[in-house]
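Data block for run-v2.txt (compact mmCIF, C-alpha atoms and all ligand atoms):
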```
# COMPACT_ATOMS: atom_id res chain seq x y z
CA MET A 998 20.34 -28.18 1.96
CA GLY A 999 20.85 -24.48 2.78
CA ARG A 1000 18.16 -22.35 4.42
CA GLN A 1001 15.14 -24.44 3.51
CA GLY A 1002 14.74 -25.41 7.15
CA ILE A 1003 14.57 -21.78 8.16
CA SER A 1004 12.00 -20.78 5.61
CA ARG A 1005 9.90 -23.78 6.51
CA ARG A 1006 10.11 -22.83 10.17
CA ALA A 1007 9.11 -19.29 9.28
CA LEU A 1008 6.12 -20.72 7.49
CA LEU A 1009 5.10 -22.99 10.34
CA LYS A 1010 5.52 -20.24 12.90
CA THR A 1011 2.75 -18.23 11.32
CA GLY A 1012 0.60 -21.08 10.16
CA GLY A 1013 1.67 -21.41 6.54
CA ALA A 1014 -0.62 -21.35 3.55
CA ALA A 1015 -3.75 -21.80 5.66
CA LEU A 1016 -3.19 -18.25 6.90
CA THR A 1017 -4.07 -16.75 3.58
CA GLY A 1018 -7.51 -18.27 3.73
CA TRP A 1019 -7.77 -16.92 7.22
CA ALA A 1020 -6.68 -13.48 6.09
CA LEU A 1021 -9.32 -13.48 3.42
CA LEU A 1022 -12.22 -14.70 5.51
CA SER A 1023 -11.42 -13.52 9.00
CA THR A 1024 -13.74 -11.15 10.73
CA LEU A 1025 -11.64 -9.25 13.20
CA GLN A 1026 -14.49 -7.59 15.03
CA VAL A 1027 -18.18 -8.19 14.88
CA GLY A 1028 -20.63 -5.65 16.23
CA ALA A 1029 -24.09 -4.59 15.17
CA PRO A 1030 -24.26 -4.74 11.38
CA HIS A 1031 -23.30 -1.41 9.92
CA ARG A 1032 -22.74 -0.63 6.28
CA VAL A 1033 -20.79 2.37 5.14
CA LEU A 1034 -21.12 3.89 1.67
CA ALA A 1035 -24.09 1.69 0.91
CA GLN A 1036 -26.82 4.27 0.48
CA THR A 1037 -28.10 5.62 -2.77
CA GLY A 1038 -29.66 9.00 -3.43
CA VAL A 1039 -27.29 10.97 -1.23
CA GLU A 1040 -25.76 14.29 -2.17
CA VAL A 1041 -21.95 14.40 -1.89
CA LEU A 1042 -20.52 17.69 -0.64
CA PRO A 1043 -17.26 18.45 -2.45
CA TRP A 1044 -14.28 19.26 -0.22
CA LEU A 1045 -13.27 22.92 -0.37
CA ASP A 1046 -9.60 21.92 -0.36
CA GLN A 1047 -8.76 20.04 -3.54
CA PRO A 1048 -5.47 18.45 -4.58
CA ALA A 1049 -3.43 20.32 -7.19
CA GLU A 1050 -3.25 18.90 -10.70
CA ASN A 1051 -1.05 15.82 -11.18
CA PRO A 1052 2.24 17.22 -12.60
CA VAL A 1053 3.58 13.82 -13.76
CA PRO A 1054 0.73 12.14 -15.70
CA GLU A 1055 3.22 10.00 -17.62
CA ARG A 1056 4.30 8.36 -14.36
CA VAL A 1057 1.26 8.54 -12.08
CA ARG A 1058 -2.18 7.66 -13.37
CA ASN A 1059 -5.80 7.26 -12.26
CA LEU A 1060 -5.68 8.98 -8.90
CA LEU A 1061 -8.54 8.17 -6.57
CA GLU A 1062 -11.09 10.95 -6.21
CA TRP A 1063 -12.05 10.68 -2.57
CA GLU A 1064 -15.56 12.10 -3.02
CA LYS A 1065 -16.26 9.24 -5.44
CA LEU A 1066 -15.27 6.54 -2.95
CA ASP A 1067 -18.41 4.43 -3.00
CA SER A 1068 -17.17 0.85 -3.27
CA TRP A 1069 -14.90 -1.10 -0.98
CA GLN A 1070 -13.12 -2.67 -3.95
CA THR A 1071 -11.66 0.19 -5.98
CA PRO A 1072 -12.98 0.35 -9.56
CA PRO A 1073 -10.18 0.04 -12.19
CA GLU A 1074 -10.50 3.64 -13.40
CA GLN A 1075 -10.05 4.87 -9.81
CA PHE A 1076 -7.10 2.59 -8.98
CA PHE A 1077 -3.91 4.67 -9.14
CA SER A 1078 -0.73 3.43 -10.77
CA VAL A 1079 2.89 4.51 -10.49
CA ALA A 1080 5.74 3.70 -12.89
CA HIS A 1081 9.20 5.23 -12.58
CA TYR A 1082 10.64 3.92 -15.85
CA GLY A 1083 7.53 4.08 -18.02
CA TYR A 1084 4.79 1.52 -18.52
CA PRO A 1085 6.13 -1.55 -20.38
CA GLU A 1086 3.72 -3.71 -22.39
CA LEU A 1087 4.89 -7.29 -21.93
CA ASP A 1088 3.92 -10.33 -23.99
CA VAL A 1089 3.39 -13.30 -21.70
CA ASN A 1090 4.58 -15.63 -24.48
CA ASN A 1091 7.99 -13.96 -24.43
CA TRP A 1092 8.14 -13.79 -20.67
CA GLN A 1093 9.53 -16.06 -17.96
CA LEU A 1094 10.12 -15.76 -14.26
CA GLU A 1095 13.65 -16.53 -13.12
CA ILE A 1096 14.45 -17.58 -9.57
CA ALA A 1097 18.21 -17.27 -9.36
CA GLY A 1098 21.21 -16.19 -7.30
CA LEU A 1099 22.13 -18.03 -4.11
CA VAL A 1100 19.83 -21.00 -4.57
CA ASP A 1101 20.52 -24.72 -4.86
CA ASN A 1102 18.15 -25.17 -7.81
CA PRO A 1103 17.70 -22.10 -10.03
CA MET A 1104 14.29 -22.11 -11.71
CA THR A 1105 12.76 -20.62 -14.84
CA LEU A 1106 8.98 -20.66 -15.04
CA THR A 1107 6.51 -19.81 -17.79
CA MET A 1108 3.09 -18.48 -16.77
CA ALA A 1109 1.58 -21.92 -17.45
CA GLU A 1110 4.14 -23.52 -15.13
CA LEU A 1111 3.59 -20.90 -12.45
CA GLN A 1112 -0.15 -21.52 -12.59
CA THR A 1113 0.33 -25.19 -11.70
CA TRP A 1114 1.30 -23.96 -8.21
CA PRO A 1115 -1.63 -23.56 -5.75
CA ARG A 1116 -3.73 -20.45 -6.30
CA GLN A 1117 -4.41 -18.10 -3.40
CA GLU A 1118 -6.10 -14.75 -2.94
CA VAL A 1119 -5.70 -11.79 -0.65
CA ASP A 1120 -7.62 -8.56 -0.21
CA PHE A 1121 -5.04 -5.82 0.20
CA THR A 1122 -5.14 -2.03 0.23
CA LEU A 1123 -2.12 -0.81 -1.69
CA GLU A 1124 -0.88 2.67 -0.84
CA CYS A 1125 2.02 4.57 -2.34
CA SER A 1126 4.31 5.80 0.42
CA GLY A 1127 4.15 9.26 -1.19
CA ASN A 1128 0.39 9.52 -0.70
CA HIS A 1129 -0.46 12.81 1.08
CA GLY A 1130 3.19 13.78 0.83
CA PHE A 1131 2.74 16.51 -1.80
CA GLY A 1132 -0.14 18.87 -2.46
CA TRP A 1133 -1.28 16.95 -5.51
CA ASN A 1134 -1.18 13.28 -4.64
CA TRP A 1135 -3.96 12.41 -2.24
CA GLY A 1136 -5.35 9.62 -4.35
CA LEU A 1137 -2.56 7.05 -4.30
CA VAL A 1138 -4.43 4.31 -2.47
CA GLY A 1139 -6.76 1.55 -3.60
CA ASN A 1140 -8.15 -1.80 -2.51
CA ALA A 1141 -8.26 -4.94 -4.65
CA ARG A 1142 -8.47 -8.71 -4.45
CA TRP A 1143 -5.16 -10.05 -5.72
CA ALA A 1144 -4.65 -13.67 -6.79
CA GLY A 1145 -1.60 -15.72 -7.64
CA THR A 1146 0.63 -18.22 -5.92
CA ALA A 1147 2.55 -17.93 -2.66
CA LEU A 1148 6.21 -16.96 -3.08
CA ALA A 1149 7.64 -18.89 -0.10
CA PRO A 1150 7.07 -22.43 -1.44
CA LEU A 1151 8.88 -21.51 -4.68
CA LEU A 1152 11.82 -20.12 -2.73
CA GLN A 1153 11.78 -23.27 -0.64
CA GLU A 1154 11.82 -25.43 -3.77
CA ALA A 1155 14.71 -23.35 -5.15
CA GLY A 1156 16.55 -23.78 -1.82
CA ILE A 1157 17.99 -20.64 -0.28
CA LYS A 1158 21.71 -21.05 0.48
CA ASP A 1159 23.18 -20.35 3.91
CA ASP A 1160 25.05 -17.16 3.11
CA ALA A 1161 21.97 -15.40 1.68
CA VAL A 1162 20.83 -12.17 3.35
CA GLU A 1163 18.06 -10.90 1.12
CA VAL A 1164 15.84 -11.48 -1.89
CA ALA A 1165 15.71 -8.96 -4.75
CA PHE A 1166 12.73 -8.55 -7.06
CA TYR A 1167 13.48 -7.12 -10.50
CA GLY A 1168 10.93 -5.63 -12.87
CA ALA A 1169 11.30 -5.66 -16.66
CA ASP A 1170 11.29 -1.86 -16.69
CA VAL A 1171 14.64 -0.09 -16.99
CA GLY A 1172 15.91 3.46 -16.60
CA GLU A 1173 19.14 5.41 -16.33
CA GLU A 1174 20.62 6.11 -12.92
CA THR A 1175 23.60 8.25 -12.11
CA VAL A 1176 25.80 7.68 -9.08
CA ARG A 1177 28.89 9.84 -8.65
CA GLU A 1178 28.73 10.95 -12.28
CA GLN A 1179 28.61 7.36 -13.54
CA THR A 1180 25.45 6.58 -15.48
CA ILE A 1181 24.13 3.04 -15.78
CA THR A 1182 20.98 1.40 -17.11
CA GLN A 1183 19.20 -0.37 -14.30
CA HIS A 1184 16.03 -2.38 -13.76
CA PHE A 1185 13.46 -1.28 -11.21
CA ALA A 1186 14.15 -3.45 -8.15
CA ARG A 1187 13.38 -3.76 -4.47
CA THR A 1188 14.61 -6.21 -1.88
CA MET A 1189 13.42 -7.85 1.33
CA SER A 1190 15.26 -9.73 4.06
CA ILE A 1191 15.00 -13.53 3.84
CA ASP A 1192 12.51 -13.52 6.73
CA ASP A 1193 10.31 -10.83 5.19
CA ALA A 1194 10.49 -12.36 1.72
CA THR A 1195 9.38 -15.78 2.97
CA SER A 1196 6.31 -14.39 4.74
CA PRO A 1197 3.36 -16.64 3.86
CA TYR A 1198 1.43 -13.59 2.68
CA ASN A 1199 3.79 -12.63 -0.16
CA MET A 1200 2.36 -13.56 -3.50
CA LEU A 1201 3.44 -13.85 -7.10
CA CYS A 1202 0.29 -12.21 -8.41
CA TYR A 1203 -1.26 -12.64 -11.87
CA GLU A 1204 -4.87 -11.55 -11.21
CA MET A 1205 -6.53 -8.41 -9.89
CA ASN A 1206 -10.23 -8.46 -9.00
CA GLY A 1207 -10.81 -11.71 -10.90
CA GLU A 1208 -9.23 -10.52 -14.16
CA SER A 1209 -5.76 -11.04 -15.50
CA LEU A 1210 -3.47 -8.35 -14.06
CA PRO A 1211 -3.93 -5.12 -16.07
CA SER A 1212 -0.79 -3.99 -17.85
CA ARG A 1213 -0.39 -0.77 -15.83
CA HIS A 1214 -0.52 -2.85 -12.62
CA GLY A 1215 2.30 -5.16 -13.73
CA TYR A 1216 1.10 -7.70 -16.30
CA PRO A 1217 1.86 -10.54 -16.48
CA LEU A 1218 3.22 -10.88 -12.91
CA ARG A 1219 3.91 -8.72 -9.88
CA LEU A 1220 4.86 -9.18 -6.29
CA ILE A 1221 2.06 -8.51 -3.81
CA ALA A 1222 3.49 -7.91 -0.33
CA PRO A 1223 0.49 -7.36 1.97
CA GLY A 1224 1.33 -4.96 4.79
CA TRP A 1225 4.03 -3.12 2.81
CA TYR A 1226 3.94 0.23 1.05
CA GLY A 1227 3.41 0.26 -2.73
CA ILE A 1228 7.10 0.46 -3.62
CA ALA A 1229 7.72 -3.10 -2.31
CA ASN A 1230 5.08 -4.49 -4.69
CA VAL A 1231 7.30 -4.88 -7.76
CA LYS A 1232 5.40 -4.93 -11.06
CA TRP A 1233 6.34 -6.54 -14.40
CA LEU A 1234 8.33 -9.00 -12.27
CA GLN A 1235 10.86 -11.12 -14.16
CA ARG A 1236 13.66 -12.02 -11.78
CA VAL A 1237 13.78 -13.09 -8.13
CA GLU A 1238 17.39 -13.10 -6.97
CA VAL A 1239 18.67 -14.42 -3.67
CA ARG A 1240 21.69 -12.35 -2.60
CA SER A 1241 24.53 -12.27 -0.10
CA ARG A 1242 25.14 -8.50 -0.46
CA ARG A 1243 22.53 -5.84 -0.03
CA LEU A 1244 21.28 -4.08 -3.13
CA MET A 1245 21.65 -0.38 -2.40
CA ASN A 1246 19.88 0.91 -5.47
CA ARG A 1247 17.74 3.99 -5.95
CA PHE A 1248 14.56 2.38 -4.65
CA MET A 1249 16.16 0.89 -1.54
CA ALA A 1250 18.82 3.36 -0.53
CA ARG A 1251 18.78 6.65 -2.42
CA ASP A 1252 15.32 7.86 -3.42
CA TYR A 1253 12.76 6.13 -1.16
CA VAL A 1254 14.44 7.19 2.06
CA THR A 1255 12.66 8.75 5.03
CA LEU A 1256 14.69 11.46 6.77
CA ARG A 1257 13.45 12.04 10.29
CA LYS A 1258 14.79 14.25 13.04
CA GLN A 1259 15.04 12.47 16.35
CA GLU A 1260 16.20 13.28 19.79
CA VAL A 1261 18.60 10.65 21.14
CA GLU A 1262 19.83 11.27 24.70
CA GLY A 1263 19.22 14.99 24.38
CA GLU A 1264 21.01 15.22 21.07
CA GLU A 1265 19.37 15.93 17.74
CA THR A 1266 20.11 13.22 15.20
CA TRP A 1267 18.71 12.29 11.79
CA SER A 1268 17.47 8.84 10.97
CA GLU A 1269 17.60 7.67 7.35
CA SER A 1270 15.45 4.64 6.65
CA SER A 1271 14.26 2.86 3.55
CA VAL A 1272 10.47 3.00 3.03
CA GLY A 1273 9.09 -0.16 4.60
CA ARG A 1274 5.85 -1.54 5.98
CA SER A 1275 2.55 0.30 5.74
CA LEU A 1276 1.73 2.61 8.63
CA LEU A 1277 -1.52 3.25 10.48
CA LYS A 1278 -3.62 5.77 8.59
CA SER A 1279 -7.11 7.08 7.95
CA ALA A 1280 -8.74 9.74 5.81
CA PRO A 1281 -12.12 11.42 5.69
CA ALA A 1282 -13.46 10.43 2.25
CA ARG A 1283 -16.54 12.60 1.89
CA VAL A 1284 -19.46 14.28 3.56
CA VAL A 1285 -22.89 13.22 2.32
CA ARG A 1286 -26.32 14.72 2.87
CA SER A 1287 -29.74 13.17 2.61
CA ASP A 1288 -32.54 15.60 3.44
CA ASP A 1289 -31.22 17.41 6.49
CA ALA A 1290 -28.98 14.62 7.78
CA TYR A 1291 -25.23 14.85 7.25
CA ARG A 1292 -22.79 11.99 7.48
CA ILE A 1293 -19.00 11.89 7.36
CA GLU A 1294 -17.60 8.78 5.66
CA GLY A 1295 -14.03 7.60 5.42
CA ALA A 1296 -11.50 4.79 5.38
CA ALA A 1297 -8.76 3.51 7.70
CA TRP A 1298 -5.94 1.15 6.78
CA GLY A 1299 -2.26 0.22 7.13
CA ARG A 1300 -2.53 -1.73 10.41
CA PRO A 1301 -5.36 -3.77 11.97
CA ILE A 1302 -7.94 -1.13 12.82
CA GLY A 1303 -9.36 -1.04 16.35
CA ARG A 1304 -11.32 2.19 16.18
CA VAL A 1305 -11.58 5.47 14.31
CA GLU A 1306 -12.32 8.88 15.79
CA VAL A 1307 -13.40 12.07 14.08
CA GLN A 1308 -12.96 15.67 15.11
CA ILE A 1309 -15.17 18.42 13.71
CA ASP A 1310 -13.54 21.86 13.98
CA ASP A 1311 -12.00 22.03 17.47
CA GLY A 1312 -14.63 19.77 18.99
CA PRO A 1313 -14.14 16.55 20.94
CA TRP A 1314 -12.98 13.35 19.23
CA GLN A 1315 -16.10 11.31 18.43
CA ALA A 1316 -16.14 7.57 17.84
CA ALA A 1317 -16.98 6.64 14.25
CA VAL A 1318 -18.93 3.47 13.48
CA LEU A 1319 -16.87 0.84 11.65
CA ASP A 1320 -18.21 -1.01 8.63
CA THR A 1321 -19.06 -4.60 9.52
CA ASP A 1322 -19.43 -5.78 5.92
CA ASN A 1323 -15.85 -5.82 4.76
CA VAL A 1324 -13.31 -6.68 7.39
CA ARG A 1325 -10.01 -8.03 6.13
CA ARG A 1326 -6.59 -8.17 7.72
CA PHE A 1327 -4.85 -6.17 4.96
CA SER A 1328 -7.63 -4.02 3.58
CA TRP A 1329 -9.06 -0.68 4.45
CA ARG A 1330 -11.98 -0.47 6.79
CA PHE A 1331 -14.74 2.00 6.01
CA TRP A 1332 -16.26 4.07 8.78
CA SER A 1333 -18.89 6.77 9.23
CA LEU A 1334 -20.06 9.37 11.70
CA ASP A 1335 -23.51 10.93 11.75
CA TRP A 1336 -22.93 14.66 11.92
CA LEU A 1337 -25.64 15.95 14.19
CA ASP A 1338 -26.54 19.64 14.29
CA ALA A 1339 -24.27 20.57 11.40
CA GLU A 1340 -24.20 24.37 11.44
CA PRO A 1341 -24.13 26.33 8.19
CA GLY A 1342 -20.64 27.59 7.39
CA GLU A 1343 -17.16 26.23 6.80
CA HIS A 1344 -15.85 23.37 8.90
CA THR A 1345 -12.78 21.19 9.23
CA ILE A 1346 -12.99 17.42 9.53
CA THR A 1347 -10.06 15.40 10.92
CA SER A 1348 -9.91 11.64 11.41
CA ARG A 1349 -7.54 9.43 13.36
CA ALA A 1350 -7.25 5.66 13.35
CA ILE A 1351 -6.36 3.63 16.42
CA ASP A 1352 -4.99 0.14 15.81
CA THR A 1353 -5.92 -3.00 17.73
CA GLU A 1354 -2.90 -2.44 20.00
CA GLY A 1355 -4.01 1.07 20.93
CA ASN A 1356 -1.51 3.02 18.81
CA ILE A 1357 -2.93 6.29 17.55
CA GLN A 1358 -2.36 7.70 14.06
CA PRO A 1359 -0.01 10.65 14.71
CA ALA A 1360 -1.20 14.24 14.55
CA LYS A 1361 0.40 16.62 12.04
CA ASN A 1362 2.40 18.27 14.84
CA ASP A 1363 3.55 14.97 16.38
CA PRO A 1364 7.39 14.95 16.30
CA LEU A 1365 7.18 11.77 14.20
CA ILE A 1366 5.46 13.71 11.43
CA ALA A 1367 6.72 17.23 12.09
CA GLY A 1368 10.33 16.00 12.24
CA LYS A 1369 10.06 14.16 8.92
CA ILE A 1370 11.37 16.17 5.96
CA THR A 1371 10.98 13.73 3.06
CA TYR A 1372 7.45 13.13 1.82
CA TRP A 1373 7.46 9.32 2.10
CA GLU A 1374 5.49 7.48 4.80
CA SER A 1375 3.16 10.43 5.38
CA ASN A 1376 0.67 8.85 7.74
CA GLY A 1377 -0.20 11.96 9.77
CA GLN A 1378 -3.82 12.85 10.49
CA ILE A 1379 -5.65 14.40 7.56
CA THR A 1380 -7.90 17.46 7.86
CA ARG A 1381 -10.37 18.37 5.11
CA GLN A 1382 -12.59 21.41 4.71
CA VAL A 1383 -16.27 21.47 3.88
CA ARG A 1384 -19.07 24.02 3.65
CA ILE A 1385 -22.53 23.39 4.99
CA SER A 1386 -24.93 25.71 3.19
CA ALA A 1387 -27.59 27.65 5.02
N1 LIG B 1 8.50 -2.60 -11.83
C1 LIG B 1 8.00 -1.58 -11.09
N2 LIG B 1 7.26 -1.87 -9.99
C2 LIG B 1 6.74 -0.88 -9.24
C3 LIG B 1 6.96 0.47 -9.56
C4 LIG B 1 7.75 0.76 -10.72
O1 LIG B 1 8.01 1.91 -11.07
N3 LIG B 1 8.24 -0.30 -11.45
N4 LIG B 1 6.44 1.46 -8.74
C5 LIG B 1 6.14 1.08 -7.36
C6 LIG B 1 5.37 2.07 -6.62
S1 LIG B 1 6.20 3.46 -6.11
C7 LIG B 1 4.06 1.88 -6.26
S2 LIG B 1 3.26 2.99 -5.29
C8 LIG B 1 3.30 0.69 -6.71
C9 LIG B 1 2.01 1.08 -7.36
O2 LIG B 1 1.29 -0.05 -7.77
P1 LIG B 1 0.11 0.12 -8.81
O3 LIG B 1 0.65 0.92 -9.96
O4 LIG B 1 -0.36 -1.23 -9.20
O5 LIG B 1 -0.97 0.90 -8.08
O6 LIG B 1 4.06 -0.07 -7.65
C10 LIG B 1 5.41 -0.26 -7.29
N5 LIG B 1 5.99 -1.23 -8.16
MO MO B 2 4.89 4.54 -4.58
```

Could you render the structure from this file as structure tokens?
Ligand SMILES: Nc1nc2c(c(=O)[nH]1)N[C@H]1C(S)=C(S)[C@@H](COP(=O)(O)O)O[C@H]1N2
Ligand SMILES: [Mo]
Amino acid sequence: MGRQGISRRALLKTGGAALTGWALLSTLQVGAPHRVLAQTGVEVLPWLDQPAENPVPERVRNLLEWEKLDSWQTPPEQFFSVAHYGYPELDVNNWQLEIAGLVDNPMTLTMAELQTWPRQEVDFTLECSGNHGFGWNWGLVGNARWAGTALAPLLQEAGIKDDAVEVAFYGADVGEETVREQTITQHFARTMSIDDATSPYNMLCYEMNGESLPSRHGYPLRLIAPGWYGIANVKWLQRVEVRSRRLMNRFMARDYVTLRKQEVEGEETWSESSVGRSLLKSAPARVVRSDDAYRIEGAAWGRPIGRVEVQIDDGPWQAAVLDTDNVRRFSWRFWSLDWLDAEPGEHTITSRAIDTEGNIQPAKNDPLIAGKITYWESNGQITRQVRISA
């Protein structure tokens, strides 16, 4: 019998499969209609500060160019990809998904078998937790409509045993890892607690924007974990393993670790945490001009967006107008601000998102950001530079 009861309760608690439809269709806020990035015939002003060249093109591809952001769904050539152990090309006919480990009924599924399970879709903005961490990677974010089948019902069918603590997701890609001078060959893998893994949003995904999943995004199958940083969204997925001991591999416990200085009862301590859920974030995307009118356009994501504010130079924070066309629980929200009386010269543009609970995206000098010394989970406010010509 095992933990089936628990996962079913977890499903019921949040409304089960019906939620995904809700996530897709829900309009969180309706105001006066306002479309961002919809105009044609505008001139885009390039940012003066540009990211450095990508030093690892074999691992990181197709970075988003922010000035080109003109569609809510990211075009394939602008959708970044990351692969730590190279980009495997899998043949779906030689591929199966295993659901194994601490389950009552281990399962092996072909793609055809997987596709007999109910299809669902979710719009989700995927961001690498390293985005804006280094000087070169500002384009590691994109929005797509992902389709597949919900993970939780398959885990429920497999039957999670009582002593299970987490679910591991293994990709087909392998690399060498060295721990204490011992070198092993290991698959890319990430894990989630039983509760997190059985979220009704998690999806075994085989389609991206209505097409079969492209190979660099994980063909034939990947995990889509809406609300989590990129690293949790395991590509080239081939094994789901229910475990009683925590997998402390490179991607959980060694490499993707956020080191943050904290003050606890007057004492300085360091927290070490594995990269987790997406954080509240926004970025100015571009400044556009039509005739003499300037407009600042951008995006906000990571948490349900309540409002976005923009600061020009050292001026007051001004409320941006949120796009009313595309409002989805897990996707970025576009915004814009008409820049009145833009003076010739160089300016800085900073944006900050405020979530529906009133939390503000931290400033660069906020202890949360300033006290963080690894580049992961860099959700501090972003300032860009632009020149208005005379
Ligand atoms: N199997 C596998 N899955 C993976 C990775 C990987 O190297 N191997 N990289 C992760 C990281 S760090 C990110 S940011 C996302 C990127 O997803 P994308 O390439 O589809 O944009 O994939 C994640 N899933
Ligand atoms: Mo990533």

Selection as an MDAnalysis selection string: residues within 7 Å of ligand LIG 1 (chain B) by all atoms listed in the file: chainID A and resid 1076:1082 1123:1126 1167:1170 1185:1186 1213:1215 1226:1234

Would you list the contacts of A:Pro1072 as a short mmCIF file (atom, residue, chain, number, x, y, z; two decimals) with C-alpha atoms, in the coordinates of the input, taking every protein, DNA or RNA residue within 10 Å and counting all atoms listed in the file, but skipping same-chain residues closer than 4 positions in sequence?
```cif
data_model
loop_
_atom_site.label_atom_id
_atom_site.label_comp_id
_atom_site.auth_asym_id
_atom_site.auth_seq_id
_atom_site.Cartn_x
_atom_site.Cartn_y
_atom_site.Cartn_z
CA LEU A 1061 -8.54 8.17 -6.57
CA LEU A 1066 -15.27 6.54 -2.95
CA ASP A 1067 -18.41 4.43 -3.00
CA SER A 1068 -17.17 0.85 -3.27
CA PHE A 1076 -7.10 2.59 -8.98
CA GLY A 1139 -6.76 1.55 -3.60
CA ASN A 1140 -8.15 -1.80 -2.51
CA ALA A 1141 -8.26 -4.94 -4.65
CA ASN A 1206 -10.23 -8.46 -9.00
#
```

Give me the residues within 9 Å of A:Tyr1216 as number ranges by chain, counting all atoms listed in the file and dropping any in the same chain fewer than 4 places off. A: 1085-1089, 1203-1204, 1209-1212, 1232-1234

Select, from A:Lys1158, A:Arg1243, A:Lys1361, A:Arg1384, the residue with the minimum atom-to-atom distance to A:Gly1130, counting all atoms listed in the file. A:Lys1361

By how many Å are atom CA of A:Val1324 and atom CA of A:Gly1377 apart? 22.9 Å

Give me, as JSON, numbers by chain, all polymer residues having an atom no more than 9 Å from A:Leu1365, counting only C-alpha atoms and skipping those fewer than 5 positions away in the same chain. {"A": [1257, 1258, 1259, 1359, 1360, 1377]}

What residues have an atom no more than 9 Å from (26.1, -18.0, 1.8) in the file's own frame, counting only C-alpha atoms, and can you write them as a PDB file with C-alpha atoms, in the frame of the given file?
```pdb
ATOM      1  CA  GLY A 999      20.850 -24.480   2.780  1.00  0.00           C
ATOM      2  CA  LEU A1099      22.130 -18.030  -4.110  1.00  0.00           C
ATOM      3  CA  ILE A1157      17.990 -20.640  -0.280  1.00  0.00           C
ATOM      4  CA  LYS A1158      21.710 -21.050   0.480  1.00  0.00           C
ATOM      5  CA  ASP A1159      23.180 -20.350   3.910  1.00  0.00           C
ATOM      6  CA  ASP A1160      25.050 -17.160   3.110  1.00  0.00           C
ATOM      7  CA  ALA A1161      21.970 -15.400   1.680  1.00  0.00           C
ATOM      8  CA  VAL A1162      20.830 -12.170   3.350  1.00  0.00           C
ATOM      9  CA  ARG A1240      21.690 -12.350  -2.600  1.00  0.00           C
ATOM     10  CA  SER A1241      24.530 -12.270  -0.100  1.00  0.00           C
TER      11      SER A1241
END
```

As a PDB file with C-alpha atoms, in the frame of the given file, please: the residues near A:Gly1303 (cut-off 6 Å, only C-alpha atoms, same-chain neighbours under 5 positions excluded).
```
ATOM      1  CA  ILE A1351      -6.360   3.630  16.420  1.00  0.00           C
ATOM      2  CA  ASP A1352      -4.990   0.140  15.810  1.00  0.00           C
ATOM      3  CA  THR A1353      -5.920  -3.000  17.730  1.00  0.00           C
TER       4      THR A1353
END
```

Interatomic distance (Å, one decimal) between atom CA of A:Val1272 and atom CA of A:Trp1373: 7.1 Å

Gap from atom CA of A:Glu1269 to atom CA of A:Asn1128 - Å, one decimal: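 That distance, rounded to one decimal, is 19.1 Å.
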
Could you name the residues that touch stretch 1103-1114 of chain A at 8 Å or less, counting only C-alpha atoms, but leaving out those on the same chain fewer than 5 positions away, as a list in words? Val1089, Trp1092, Gln1093, Leu1094, Glu1095, Ile1096, Ala1097, Gly1098, Gly1145, Thr1146 and Ala1155 of chain A

Nearest to ligand MO 2 (chain B) among A:Asp1320, A:Asp1310, A:Glu1262, A:Asp1252, with distances taken over all atoms listed in the file: which residue is it?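 Closest to ligand MO 2 (chain B), using all atoms listed in the file: A:Asp1252.
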
Point out the residue among A:Gly1083, A:Val1033, A:Ser1348, A:Glu1040 with the least atom-to-atom distance to A:Glu1055, counting only C-alpha atoms.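 The answer is A:Gly1083, which sits nearest to A:Glu1055.
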